[in-house]
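A.B. asks: Compact mmCIF, C-alpha atoms, saved as work_20.txt, coming up:
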```txt
# COMPACT_ATOMS: atom_id res chain seq x y z
CA MET W 1 -12.86 14.39 -35.81
CA SER W 2 -16.00 12.29 -35.96
CA ASN W 3 -17.95 14.52 -33.55
CA THR W 4 -18.53 11.61 -31.13
CA PRO W 5 -19.09 12.54 -27.50
CA VAL W 6 -16.73 10.73 -25.14
CA TYR W 7 -16.27 11.00 -21.38
CA PHE W 8 -13.52 9.92 -19.06
CA HIS W 9 -14.49 6.45 -17.85
CA HIS W 10 -11.60 4.85 -15.99
CA LEU W 11 -7.91 4.49 -15.32
CA GLY W 12 -6.64 0.95 -15.82
CA ILE W 13 -3.94 -0.23 -13.41
CA SER W 14 -2.18 -3.54 -12.81
CA VAL W 15 -1.77 -4.47 -9.15
CA ALA W 16 -0.13 -7.14 -7.01
CA ASP W 17 -2.89 -7.64 -4.42
CA LEU W 18 -6.48 -7.03 -5.56
CA ASP W 19 -8.02 -7.08 -2.06
CA ALA W 20 -5.43 -4.64 -0.74
CA SER W 21 -5.97 -2.28 -3.68
CA ILE W 22 -9.78 -2.34 -3.36
CA GLU W 23 -9.33 -1.55 0.33
CA TRP W 24 -6.83 1.28 -0.28
CA TYR W 25 -8.99 3.07 -2.87
CA ARG W 26 -12.02 2.67 -0.54
CA ASP W 27 -10.35 3.83 2.66
CA LYS W 28 -8.13 6.58 1.23
CA LEU W 29 -10.13 7.97 -1.70
CA GLY W 30 -13.71 6.83 -1.12
CA PHE W 31 -14.00 4.48 -4.13
CA VAL W 32 -16.69 1.79 -3.81
CA LEU W 33 -16.47 -1.68 -5.36
CA GLU W 34 -18.75 -1.87 -8.43
CA ASN W 35 -17.96 -5.39 -9.57
CA ARG W 36 -15.27 -8.05 -9.55
CA HIS W 37 -14.82 -10.83 -12.07
CA PRO W 38 -12.20 -12.99 -13.78
CA ILE W 39 -11.10 -12.38 -17.39
CA PRO W 40 -9.67 -15.81 -18.29
CA ALA W 41 -8.37 -14.61 -21.68
CA ILE W 42 -5.71 -12.39 -20.07
CA PRO W 43 -5.78 -14.18 -17.50
CA ALA W 44 -6.63 -11.74 -14.70
CA GLU W 45 -8.92 -11.13 -11.76
CA VAL W 46 -10.47 -7.71 -12.34
CA ALA W 47 -12.27 -5.19 -10.11
CA PHE W 48 -13.97 -1.90 -10.92
CA VAL W 49 -14.11 0.69 -8.15
CA ALA W 50 -15.98 3.98 -8.59
CA ASN W 51 -16.39 7.35 -6.91
CA GLY W 52 -18.76 9.71 -8.72
CA ASP W 53 -17.65 9.94 -12.36
CA LEU W 54 -14.20 8.48 -11.69
CA ARG W 55 -13.42 4.80 -11.90
CA VAL W 56 -10.34 2.63 -11.53
CA GLU W 57 -10.17 -0.78 -13.19
CA MET W 58 -7.71 -3.01 -11.36
CA PHE W 59 -6.16 -6.03 -13.05
CA CYS W 60 -4.44 -8.69 -10.98
CA VAL W 61 -2.42 -10.96 -13.27
CA PRO W 62 -0.73 -14.07 -11.80
CA ASP W 63 3.07 -13.76 -11.70
CA ALA W 64 3.07 -10.23 -13.10
CA VAL W 65 6.32 -8.25 -12.91
CA ALA W 66 6.64 -5.80 -10.00
CA LEU W 67 6.30 -2.05 -10.57
CA PRO W 68 9.66 -0.78 -11.91
CA PRO W 69 11.23 1.39 -9.15
CA ASP W 70 11.60 4.43 -11.45
CA ARG W 71 7.80 4.47 -11.87
CA ARG W 72 7.45 5.48 -8.19
CA ILE W 73 9.30 8.81 -8.80
CA PRO W 74 7.48 11.35 -11.05
CA ASN W 75 10.51 12.79 -12.86
CA ASP W 76 12.24 9.41 -13.23
CA ASP W 77 9.02 7.89 -14.59
CA LEU W 78 8.97 10.45 -17.40
CA ARG W 79 12.37 9.24 -18.64
CA THR W 80 10.67 6.25 -20.27
CA HIS W 81 8.03 6.96 -22.93
CA GLY W 82 4.48 5.83 -22.27
CA ASN W 83 1.27 6.48 -20.36
CA LYS W 84 2.38 7.80 -16.97
CA HIS W 85 -0.33 9.01 -14.58
CA ILE W 86 -3.68 10.74 -14.30
CA ALA W 87 -4.08 14.13 -12.64
CA LEU W 88 -7.20 15.24 -10.76
CA ALA W 89 -8.21 18.89 -10.48
CA VAL W 90 -8.87 20.22 -6.98
CA ALA W 91 -9.52 23.76 -5.67
CA ASP W 92 -6.87 23.72 -2.91
CA VAL W 93 -4.00 21.27 -3.26
CA MET W 94 -2.15 22.24 -0.06
CA ALA W 95 -5.29 21.77 2.05
CA LEU W 96 -5.78 18.32 0.54
CA ALA W 97 -2.09 17.55 1.15
CA ALA W 98 -2.51 18.39 4.85
CA ASP W 99 -5.54 16.09 5.02
CA PHE W 100 -3.72 13.27 3.21
CA GLU W 101 -0.69 13.65 5.50
CA ALA W 102 -2.92 13.41 8.59
CA ARG W 103 -4.42 10.21 7.18
CA GLY W 104 -1.07 8.57 6.41
CA ILE W 105 -1.26 8.72 2.61
CA ASP W 106 2.14 8.36 0.86
CA ILE W 107 2.79 11.88 -0.50
CA VAL W 108 5.72 12.11 -2.92
CA TRP W 109 5.67 15.92 -2.85
CA ALA W 110 3.24 18.82 -2.65
CA LYS W 111 4.55 22.17 -3.92
CA ARG W 112 3.37 25.63 -4.85
CA PHE W 113 4.26 26.76 -8.36
CA GLU W 114 3.56 29.95 -10.30
CA PHE W 115 0.45 28.38 -11.86
CA GLY W 116 -0.85 27.07 -8.51
CA ALA W 117 0.04 24.02 -6.43
CA ALA W 118 0.45 20.37 -7.41
CA MET W 119 0.98 17.12 -5.53
CA PHE W 120 1.88 13.53 -6.30
CA ILE W 121 0.77 10.66 -4.08
CA ARG W 122 1.33 6.91 -4.40
CA ASP W 123 -1.37 4.29 -4.04
CA ASN W 124 -0.68 1.07 -2.10
CA SER W 125 1.06 -0.41 -5.18
CA GLY W 126 3.31 2.65 -5.65
CA ASN W 127 1.29 3.97 -8.61
CA LEU W 128 1.50 7.74 -8.98
CA ILE W 129 -1.62 9.95 -8.82
CA GLU W 130 -1.31 13.71 -9.36
CA PHE W 131 -3.52 16.47 -7.94
CA ILE W 132 -3.41 19.88 -9.59
CA GLU W 133 -4.99 23.20 -8.60
CA TYR W 134 -7.55 24.12 -11.21
CA PRO W 135 -11.06 25.59 -11.42
CA ALA W 136 -13.85 23.03 -11.67
CA PRO W 137 -14.49 21.97 -15.29
CA THR W 138 -17.70 22.85 -17.10
CA GLY W 139 -18.91 19.28 -17.45
CA GLN W 140 -19.28 19.61 -21.23
CA ALA W 141 -18.87 16.51 -23.38
CA THR W 142 -15.54 15.96 -25.09
CA ARG W 143 -15.87 15.17 -28.81
CA VAL W 144 -13.33 13.17 -30.74
CA MET R 1 -12.47 10.79 2.89
CA SER R 2 -12.00 14.53 3.25
CA ASN R 3 -15.10 15.38 1.16
CA THR R 4 -13.02 17.36 -1.36
CA PRO R 5 -14.45 17.64 -4.87
CA VAL R 6 -12.02 16.53 -7.57
CA TYR R 7 -12.42 16.21 -11.31
CA PHE R 8 -10.45 14.40 -13.96
CA HIS R 9 -7.91 16.91 -15.26
CA HIS R 10 -5.38 15.18 -17.50
CA LEU R 11 -3.47 12.12 -18.55
CA GLY R 12 0.29 12.58 -18.38
CA ILE R 13 2.33 10.87 -21.12
CA SER R 14 6.00 10.85 -22.08
CA VAL R 15 6.64 11.13 -25.82
CA ALA R 16 9.55 11.02 -28.25
CA ASP R 17 8.49 13.86 -30.58
CA LEU R 18 6.45 16.69 -29.06
CA ASP R 19 5.46 18.29 -32.39
CA ALA R 20 4.33 14.95 -33.82
CA SER R 21 2.28 14.18 -30.70
CA ILE R 22 0.59 17.61 -30.65
CA GLU R 23 -0.28 17.08 -34.32
CA TRP R 24 -1.61 13.51 -33.78
CA TYR R 25 -3.91 14.47 -30.90
CA ARG R 26 -5.14 17.47 -32.92
CA ASP R 27 -5.73 15.65 -36.21
CA LYS R 28 -7.04 12.36 -34.84
CA LEU R 29 -8.89 13.30 -31.64
CA GLY R 30 -9.53 17.04 -31.92
CA PHE R 31 -7.30 18.20 -29.06
CA VAL R 32 -6.15 21.83 -29.28
CA LEU R 33 -2.81 23.14 -27.97
CA GLU R 34 -3.38 25.06 -24.71
CA ASN R 35 0.22 25.90 -23.87
CA ARG R 36 3.78 24.73 -24.30
CA HIS R 37 6.69 25.45 -22.00
CA PRO R 38 9.96 24.01 -20.70
CA ILE R 39 10.25 22.54 -17.18
CA PRO R 40 14.04 22.78 -16.63
CA ALA R 41 13.89 20.87 -13.31
CA ILE R 42 12.96 17.59 -15.05
CA PRO R 43 14.28 18.63 -17.69
CA ALA R 44 11.45 18.43 -20.25
CA GLU R 45 9.60 20.35 -22.91
CA VAL R 46 5.92 20.13 -21.99
CA ALA R 47 2.66 20.72 -23.87
CA PHE R 48 -0.95 20.67 -22.70
CA VAL R 49 -3.60 19.78 -25.29
CA ALA R 50 -7.31 19.90 -24.47
CA ASN R 51 -10.64 18.84 -25.89
CA GLY R 52 -13.62 19.75 -23.70
CA ASP R 53 -12.98 18.45 -20.20
CA LEU R 54 -10.19 16.09 -21.30
CA ARG R 55 -6.56 17.07 -21.38
CA VAL R 56 -3.28 15.35 -22.19
CA GLU R 57 -0.01 16.66 -20.75
CA MET R 58 2.89 15.60 -22.94
CA PHE R 59 6.43 15.51 -21.60
CA CYS R 60 9.37 15.31 -23.98
CA VAL R 61 12.52 14.42 -22.04
CA PRO R 62 15.90 14.44 -23.86
CA ASP R 63 17.32 10.93 -24.33
CA ALA R 64 14.32 9.23 -22.72
CA VAL R 65 14.02 5.45 -23.10
CA ALA R 66 11.70 4.23 -25.88
CA LEU R 67 8.27 2.77 -25.05
CA PRO R 68 8.80 -0.87 -23.99
CA PRO R 69 7.32 -3.09 -26.75
CA ASP R 70 5.01 -4.94 -24.30
CA ARG R 71 3.30 -1.62 -23.52
CA ARG R 72 1.88 -1.56 -27.06
CA ILE R 73 -0.18 -4.75 -26.44
CA PRO R 74 -3.03 -4.42 -23.89
CA ASN R 75 -2.77 -7.90 -22.29
CA ASP R 76 1.04 -7.90 -22.29
CA ASP R 77 1.08 -4.44 -20.73
CA LEU R 78 -0.95 -5.72 -17.77
CA ARG R 79 1.78 -8.25 -16.96
CA THR R 80 3.83 -5.47 -15.35
CA HIS R 81 2.27 -3.63 -12.40
CA GLY R 82 1.61 0.09 -12.78
CA ASN R 83 -0.60 2.76 -14.33
CA LYS R 84 -1.59 1.37 -17.72
CA HIS R 85 -4.13 3.35 -19.75
CA ILE R 86 -7.19 5.55 -19.59
CA ALA R 87 -10.54 4.47 -21.01
CA LEU R 88 -13.11 6.85 -22.51
CA ALA R 89 -16.84 6.11 -22.47
CA VAL R 90 -18.66 6.28 -25.80
CA ALA R 91 -22.22 5.32 -26.83
CA ASP R 92 -21.27 3.16 -29.84
CA VAL R 93 -17.76 1.71 -29.92
CA MET R 94 -18.10 -0.18 -33.21
CA ALA R 95 -19.30 2.96 -35.04
CA LEU R 96 -16.31 4.86 -33.68
CA ALA R 97 -14.04 1.96 -34.69
CA ALA R 98 -15.33 2.19 -38.28
CA ASP R 99 -14.67 5.92 -38.29
CA PHE R 100 -11.17 5.48 -36.84
CA GLU R 101 -10.37 2.78 -39.40
CA ALA R 102 -11.47 5.04 -42.25
CA ARG R 103 -9.15 7.75 -40.93
CA GLY R 104 -6.11 5.47 -40.57
CA ILE R 105 -5.95 5.35 -36.76
CA ASP R 106 -3.95 2.40 -35.39
CA ILE R 107 -6.63 0.13 -33.89
CA VAL R 108 -5.28 -2.73 -31.74
CA TRP R 109 -8.68 -4.43 -31.58
CA ALA R 110 -12.39 -3.57 -31.37
CA LYS R 111 -14.64 -6.35 -30.04
CA ARG R 112 -18.15 -6.93 -28.81
CA PHE R 113 -18.41 -8.45 -25.34
CA GLU R 114 -21.37 -9.42 -23.14
CA PHE R 115 -21.21 -6.04 -21.37
CA GLY R 116 -20.97 -4.07 -24.65
CA ALA R 117 -18.07 -3.33 -26.99
CA ALA R 118 -14.55 -2.10 -26.28
CA MET R 119 -11.61 -0.96 -28.38
CA PHE R 120 -7.94 -0.16 -27.92
CA ILE R 121 -6.11 2.26 -30.19
CA ARG R 122 -2.50 3.46 -30.17
CA ASP R 123 -1.43 7.08 -30.42
CA ASN R 124 1.55 8.05 -32.59
CA SER R 125 3.94 7.00 -29.78
CA GLY R 126 2.29 3.58 -29.37
CA ASN R 127 0.49 4.57 -26.15
CA LEU R 128 -2.72 2.64 -25.58
CA ILE R 129 -6.10 4.42 -25.29
CA GLU R 130 -9.24 2.39 -24.56
CA PHE R 131 -12.83 3.18 -25.59
CA ILE R 132 -15.66 1.44 -23.76
CA GLU R 133 -19.41 1.39 -24.40
CA TYR R 134 -21.12 3.06 -21.49
CA PRO R 135 -23.98 5.50 -20.83
CA ALA R 136 -22.93 9.13 -20.48
CA PRO R 137 -21.93 9.98 -16.90
CA THR R 138 -23.96 12.32 -14.75
CA GLY R 139 -21.29 15.00 -14.48
CA GLN R 140 -21.39 14.96 -10.67
CA ALA R 141 -18.24 15.88 -8.78
CA THR R 142 -16.09 13.08 -7.43
CA ARG R 143 -15.18 13.54 -3.76
CA VAL R 144 -12.04 12.11 -2.27
```
Write out the structure in this file as structure tokens.
C.D. replies:
Amino acid sequence: MSNTPVYFHHLGISVADLDASIEWYRDKLGFVLENRHPIPAIPAEVAFVANGDLRVEMFCVPDAVALPPDRRIPNDDLRTHGNKHIALAVADVMALAADFEARGIDIVWAKRFEFGAAMFIRDNSGNLIEFIEYPAPTGQATRV
Amino acid sequence: MSNTPVYFHHLGISVADLDASIEWYRDKLGFVLENRHPIPAIPAEVAFVANGDLRVEMFCVPDAVALPPDRRIPNDDLRTHGNKHIALAVADVMALAADFEARGIDIVWAKRFEFGAAMFIRDNSGNLIEFIEYPAPTGQATRV
């Protein structure tokens, strides 16, 4: 360890339709557009959306390959090594699931387990996002 | 929005060697083993490692497919839609890069840009982790 404070900054995702993704994260999860710009070296059109301390960086690359179908199913996704999903802590998963259902969000499943409840949803591109029941964190800096 | 506070909880990854991954996140980034248990329904052997408010959940699934080679290269990875990587905010990316280099961490690249510096590293499985220069966040709750 180098004793350097680090903080979660963003999840990077690759999407098919940048406008549609900005709209989905705004309408469904309250993320606001921070900035949007091209990165010619990739090449990609890129947008940052933020909600409090969470951010999503969206890359839209011309002619990118569609999301592999197994990546839409949590257990199937795990059968290929790699970065898979982020999980967000929430006090009451089943209450949030009821709210999401009422608002037409694509819920993969929401279940109670011994440790509490968990839920997977899909964004408009099919990307998985997990919610897990957990006390609020302390807010302390992580040091790597 | 349902005005529900959520907090970053963990990044889920799928790995080839659970012991080696627990060891890498401990030795390189200071993550401590929280718990380890089987999830027969997947089936997988699972470990949670934590450092402050950051956690990584590692799934080891028998006979899982190896990390696709394009997922080891940031720009190539973006050419397939999906969840790609998390990025951690740090005050001085190039100082952290020098420290990582001295400790033999696999750095993909560390570069200065107009907005500040950024760096990608690979964990022991080849999974990308980004570091980005950014002021420390406020610690406020995100509300979805």
A.B. asks: Tell me, in Å to one decimal, how far CA of Phe120 (chain W) is from CA of Val90 (chain W).
C.D. replies: 12.7 Å
A.B. asks: Neighbouring residues of Asp99 (chain R) were defined as those with any atom within 12 Å, considering all atoms listed in the file; residues of the same chain fewer than 3 positions away were excluded. Please report them as number ranges by chain.
C.D. replies: W: 1-4, 144; R: 28-29, 92-96, 102-107, 110
A.B. asks: Identify, on the basis of all atoms listed in the file, every residue whose closest approach to His85 (chain W) does not exceed 9 Å; exclude the query and any residue fewer than 4 positions from it along the same chain; express the result as a PyMOL selection string.
C.D. replies: (chain W and resi 11+74+127-130) or (chain R and resi 10-13+83-85)
A.B. asks: Please produce a file of the residues just selected, as a JSON list (two decimals), in the coordinates of the input, where the atoms kept are C-alpha atoms.
C.D. replies:
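Result went into selection-v3.json, see below:
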```json
[["chain", "number", "residue", "atom", "x", "y", "z"],
["W", 11, "LEU", "CA", -7.91, 4.49, -15.32],
["W", 74, "PRO", "CA", 7.48, 11.35, -11.05],
["W", 127, "ASN", "CA", 1.29, 3.97, -8.61],
["W", 128, "LEU", "CA", 1.50, 7.74, -8.98],
["W", 129, "ILE", "CA", -1.62, 9.95, -8.82],
["W", 130, "GLU", "CA", -1.31, 13.71, -9.36],
["R", 10, "HIS", "CA", -5.38, 15.18, -17.50],
["R", 11, "LEU", "CA", -3.47, 12.12, -18.55],
["R", 12, "GLY", "CA", 0.29, 12.58, -18.38],
["R", 13, "ILE", "CA", 2.33, 10.87, -21.12],
["R", 83, "ASN", "CA", -0.60, 2.76, -14.33],
["R", 84, "LYS", "CA", -1.59, 1.37, -17.72],
["R", 85, "HIS", "CA", -4.13, 3.35, -19.75]]
```
A.B. asks: Least-squares fit on all C-alpha atoms, paired in order: put chain R onto chain W and return it as a PDB file with C-alpha atoms, keeping the file's coordinate frame.
C.D. replies:
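File produced: part-v2.pdb:
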```pdb
ATOM      1  CA  MET R   1     -12.885  14.376 -35.817  1.00  0.00           C
ATOM      2  CA  SER R   2     -16.027  12.271 -35.997  1.00  0.00           C
ATOM      3  CA  ASN R   3     -17.974  14.509 -33.567  1.00  0.00           C
ATOM      4  CA  THR R   4     -18.548  11.607 -31.149  1.00  0.00           C
ATOM      5  CA  PRO R   5     -19.098  12.539 -27.505  1.00  0.00           C
ATOM      6  CA  VAL R   6     -16.755  10.728 -25.127  1.00  0.00           C
ATOM      7  CA  TYR R   7     -16.286  11.006 -21.391  1.00  0.00           C
ATOM      8  CA  PHE R   8     -13.533   9.926 -19.059  1.00  0.00           C
ATOM      9  CA  HIS R   9     -14.490   6.447 -17.866  1.00  0.00           C
ATOM     10  CA  HIS R  10     -11.596   4.859 -15.991  1.00  0.00           C
ATOM     11  CA  LEU R  11      -7.918   4.499 -15.317  1.00  0.00           C
ATOM     12  CA  GLY R  12      -6.649   0.962 -15.826  1.00  0.00           C
ATOM     13  CA  ILE R  13      -3.945  -0.230 -13.405  1.00  0.00           C
ATOM     14  CA  SER R  14      -2.181  -3.536 -12.811  1.00  0.00           C
ATOM     15  CA  VAL R  15      -1.776  -4.455  -9.141  1.00  0.00           C
ATOM     16  CA  ALA R  16      -0.130  -7.133  -7.018  1.00  0.00           C
ATOM     17  CA  ASP R  17      -2.901  -7.629  -4.430  1.00  0.00           C
ATOM     18  CA  LEU R  18      -6.479  -7.021  -5.572  1.00  0.00           C
ATOM     19  CA  ASP R  19      -8.020  -7.073  -2.072  1.00  0.00           C
ATOM     20  CA  ALA R  20      -5.425  -4.629  -0.740  1.00  0.00           C
ATOM     21  CA  SER R  21      -5.970  -2.271  -3.686  1.00  0.00           C
ATOM     22  CA  ILE R  22      -9.780  -2.336  -3.365  1.00  0.00           C
ATOM     23  CA  GLU R  23      -9.343  -1.541   0.334  1.00  0.00           C
ATOM     24  CA  TRP R  24      -6.827   1.303  -0.286  1.00  0.00           C
ATOM     25  CA  TYR R  25      -8.996   3.077  -2.865  1.00  0.00           C
ATOM     26  CA  ARG R  26     -12.015   2.677  -0.559  1.00  0.00           C
ATOM     27  CA  ASP R  27     -10.345   3.836   2.658  1.00  0.00           C
ATOM     28  CA  LYS R  28      -8.149   6.584   1.229  1.00  0.00           C
ATOM     29  CA  LEU R  29     -10.129   7.987  -1.713  1.00  0.00           C
ATOM     30  CA  GLY R  30     -13.709   6.829  -1.149  1.00  0.00           C
ATOM     31  CA  PHE R  31     -14.013   4.491  -4.139  1.00  0.00           C
ATOM     32  CA  VAL R  32     -16.695   1.799  -3.816  1.00  0.00           C
ATOM     33  CA  LEU R  33     -16.481  -1.686  -5.366  1.00  0.00           C
ATOM     34  CA  GLU R  34     -18.760  -1.863  -8.434  1.00  0.00           C
ATOM     35  CA  ASN R  35     -17.966  -5.391  -9.570  1.00  0.00           C
ATOM     36  CA  ARG R  36     -15.282  -8.041  -9.560  1.00  0.00           C
ATOM     37  CA  HIS R  37     -14.835 -10.815 -12.086  1.00  0.00           C
ATOM     38  CA  PRO R  38     -12.211 -12.982 -13.783  1.00  0.00           C
ATOM     39  CA  ILE R  39     -11.119 -12.357 -17.396  1.00  0.00           C
ATOM     40  CA  PRO R  40      -9.679 -15.797 -18.298  1.00  0.00           C
ATOM     41  CA  ALA R  41      -8.375 -14.593 -21.696  1.00  0.00           C
ATOM     42  CA  ILE R  42      -5.713 -12.372 -20.072  1.00  0.00           C
ATOM     43  CA  PRO R  43      -5.784 -14.177 -17.516  1.00  0.00           C
ATOM     44  CA  ALA R  44      -6.631 -11.727 -14.709  1.00  0.00           C
ATOM     45  CA  GLU R  45      -8.909 -11.122 -11.771  1.00  0.00           C
ATOM     46  CA  VAL R  46     -10.461  -7.700 -12.339  1.00  0.00           C
ATOM     47  CA  ALA R  47     -12.270  -5.189 -10.117  1.00  0.00           C
ATOM     48  CA  PHE R  48     -13.965  -1.893 -10.930  1.00  0.00           C
ATOM     49  CA  VAL R  49     -14.116   0.711  -8.151  1.00  0.00           C
ATOM     50  CA  ALA R  50     -15.974   3.998  -8.596  1.00  0.00           C
ATOM     51  CA  ASN R  51     -16.395   7.352  -6.924  1.00  0.00           C
ATOM     52  CA  GLY R  52     -18.758   9.712  -8.754  1.00  0.00           C
ATOM     53  CA  ASP R  53     -17.658   9.947 -12.371  1.00  0.00           C
ATOM     54  CA  LEU R  54     -14.200   8.484 -11.692  1.00  0.00           C
ATOM     55  CA  ARG R  55     -13.426   4.810 -11.908  1.00  0.00           C
ATOM     56  CA  VAL R  56     -10.343   2.637 -11.527  1.00  0.00           C
ATOM     57  CA  GLU R  57     -10.174  -0.778 -13.198  1.00  0.00           C
ATOM     58  CA  MET R  58      -7.713  -2.998 -11.369  1.00  0.00           C
ATOM     59  CA  PHE R  59      -6.169  -6.018 -13.052  1.00  0.00           C
ATOM     60  CA  CYS R  60      -4.435  -8.678 -10.986  1.00  0.00           C
ATOM     61  CA  VAL R  61      -2.416 -10.951 -13.274  1.00  0.00           C
ATOM     62  CA  PRO R  62      -0.734 -14.068 -11.795  1.00  0.00           C
ATOM     63  CA  ASP R  63       3.067 -13.753 -11.677  1.00  0.00           C
ATOM     64  CA  ALA R  64       3.067 -10.217 -13.085  1.00  0.00           C
ATOM     65  CA  VAL R  65       6.324  -8.246 -12.904  1.00  0.00           C
ATOM     66  CA  ALA R  66       6.633  -5.796  -9.988  1.00  0.00           C
ATOM     67  CA  LEU R  67       6.302  -2.035 -10.565  1.00  0.00           C
ATOM     68  CA  PRO R  68       9.668  -0.778 -11.887  1.00  0.00           C
ATOM     69  CA  PRO R  69      11.241   1.385  -9.133  1.00  0.00           C
ATOM     70  CA  ASP R  70      11.603   4.426 -11.452  1.00  0.00           C
ATOM     71  CA  ARG R  71       7.810   4.473 -11.861  1.00  0.00           C
ATOM     72  CA  ARG R  72       7.463   5.494  -8.202  1.00  0.00           C
ATOM     73  CA  ILE R  73       9.306   8.818  -8.808  1.00  0.00           C
ATOM     74  CA  PRO R  74       7.480  11.348 -11.043  1.00  0.00           C
ATOM     75  CA  ASN R  75      10.529  12.804 -12.866  1.00  0.00           C
ATOM     76  CA  ASP R  76      12.246   9.423 -13.238  1.00  0.00           C
ATOM     77  CA  ASP R  77       9.041   7.899 -14.585  1.00  0.00           C
ATOM     78  CA  LEU R  78       8.973  10.462 -17.403  1.00  0.00           C
ATOM     79  CA  ARG R  79      12.369   9.244 -18.626  1.00  0.00           C
ATOM     80  CA  THR R  80      10.668   6.251 -20.259  1.00  0.00           C
ATOM     81  CA  HIS R  81       8.045   6.971 -22.928  1.00  0.00           C
ATOM     82  CA  GLY R  82       4.483   5.834 -22.264  1.00  0.00           C
ATOM     83  CA  ASN R  83       1.269   6.482 -20.349  1.00  0.00           C
ATOM     84  CA  LYS R  84       2.388   7.793 -16.967  1.00  0.00           C
ATOM     85  CA  HIS R  85      -0.315   9.021 -14.584  1.00  0.00           C
ATOM     86  CA  ILE R  86      -3.661  10.741 -14.313  1.00  0.00           C
ATOM     87  CA  ALA R  87      -4.073  14.123 -12.640  1.00  0.00           C
ATOM     88  CA  LEU R  88      -7.197  15.226 -10.756  1.00  0.00           C
ATOM     89  CA  ALA R  89      -8.224  18.877 -10.476  1.00  0.00           C
ATOM     90  CA  VAL R  90      -8.869  20.215  -6.980  1.00  0.00           C
ATOM     91  CA  ALA R  91      -9.521  23.752  -5.666  1.00  0.00           C
ATOM     92  CA  ASP R  92      -6.882  23.716  -2.898  1.00  0.00           C
ATOM     93  CA  VAL R  93      -4.006  21.259  -3.248  1.00  0.00           C
ATOM     94  CA  MET R  94      -2.161  22.227  -0.059  1.00  0.00           C
ATOM     95  CA  ALA R  95      -5.309  21.748   2.064  1.00  0.00           C
ATOM     96  CA  LEU R  96      -5.782  18.308   0.534  1.00  0.00           C
ATOM     97  CA  ALA R  97      -2.087  17.558   1.142  1.00  0.00           C
ATOM     98  CA  ALA R  98      -2.522  18.383   4.849  1.00  0.00           C
ATOM     99  CA  ASP R  99      -5.533  16.092   5.017  1.00  0.00           C
ATOM    100  CA  PHE R 100      -3.708  13.274   3.208  1.00  0.00           C
ATOM    101  CA  GLU R 101      -0.702  13.645   5.512  1.00  0.00           C
ATOM    102  CA  ALA R 102      -2.925  13.418   8.586  1.00  0.00           C
ATOM    103  CA  ARG R 103      -4.413  10.199   7.210  1.00  0.00           C
ATOM    104  CA  GLY R 104      -1.056   8.565   6.419  1.00  0.00           C
ATOM    105  CA  ILE R 105      -1.249   8.705   2.611  1.00  0.00           C
ATOM    106  CA  ASP R 106       2.136   8.361   0.879  1.00  0.00           C
ATOM    107  CA  ILE R 107       2.797  11.866  -0.485  1.00  0.00           C
ATOM    108  CA  VAL R 108       5.733  12.104  -2.924  1.00  0.00           C
ATOM    109  CA  TRP R 109       5.695  15.907  -2.852  1.00  0.00           C
ATOM    110  CA  ALA R 110       3.240  18.819  -2.647  1.00  0.00           C
ATOM    111  CA  LYS R 111       4.564  22.166  -3.915  1.00  0.00           C
ATOM    112  CA  ARG R 112       3.377  25.620  -4.828  1.00  0.00           C
ATOM    113  CA  PHE R 113       4.270  26.752  -8.341  1.00  0.00           C
ATOM    114  CA  GLU R 114       3.583  29.954 -10.295  1.00  0.00           C
ATOM    115  CA  PHE R 115       0.483  28.373 -11.867  1.00  0.00           C
ATOM    116  CA  GLY R 116      -0.837  27.064  -8.515  1.00  0.00           C
ATOM    117  CA  ALA R 117       0.041  24.012  -6.429  1.00  0.00           C
ATOM    118  CA  ALA R 118       0.466  20.369  -7.405  1.00  0.00           C
ATOM    119  CA  MET R 119       0.983  17.113  -5.538  1.00  0.00           C
ATOM    120  CA  PHE R 120       1.881  13.518  -6.305  1.00  0.00           C
ATOM    121  CA  ILE R 121       0.780  10.652  -4.085  1.00  0.00           C
ATOM    122  CA  ARG R 122       1.339   6.901  -4.385  1.00  0.00           C
ATOM    123  CA  ASP R 123      -1.367   4.283  -4.025  1.00  0.00           C
ATOM    124  CA  ASN R 124      -0.674   1.065  -2.103  1.00  0.00           C
ATOM    125  CA  SER R 125       1.060  -0.408  -5.190  1.00  0.00           C
ATOM    126  CA  GLY R 126       3.312   2.644  -5.641  1.00  0.00           C
ATOM    127  CA  ASN R 127       1.308   3.981  -8.605  1.00  0.00           C
ATOM    128  CA  LEU R 128       1.519   7.746  -8.973  1.00  0.00           C
ATOM    129  CA  ILE R 129      -1.611   9.949  -8.824  1.00  0.00           C
ATOM    130  CA  GLU R 130      -1.295  13.707  -9.364  1.00  0.00           C
ATOM    131  CA  PHE R 131      -3.513  16.471  -7.943  1.00  0.00           C
ATOM    132  CA  ILE R 132      -3.422  19.887  -9.589  1.00  0.00           C
ATOM    133  CA  GLU R 133      -5.004  23.199  -8.590  1.00  0.00           C
ATOM    134  CA  TYR R 134      -7.541  24.127 -11.214  1.00  0.00           C
ATOM    135  CA  PRO R 135     -11.059  25.590 -11.444  1.00  0.00           C
ATOM    136  CA  ALA R 136     -13.841  23.020 -11.678  1.00  0.00           C
ATOM    137  CA  PRO R 137     -14.495  21.958 -15.281  1.00  0.00           C
ATOM    138  CA  THR R 138     -17.696  22.819 -17.079  1.00  0.00           C
ATOM    139  CA  GLY R 139     -18.898  19.241 -17.448  1.00  0.00           C
ATOM    140  CA  GLN R 140     -19.279  19.576 -21.226  1.00  0.00           C
ATOM    141  CA  ALA R 141     -18.861  16.473 -23.356  1.00  0.00           C
ATOM    142  CA  THR R 142     -15.540  15.925 -25.074  1.00  0.00           C
ATOM    143  CA  ARG R 143     -15.897  15.126 -28.781  1.00  0.00           C
ATOM    144  CA  VAL R 144     -13.359  13.082 -30.654  1.00  0.00           C
TER     145      VAL R 144
END
```
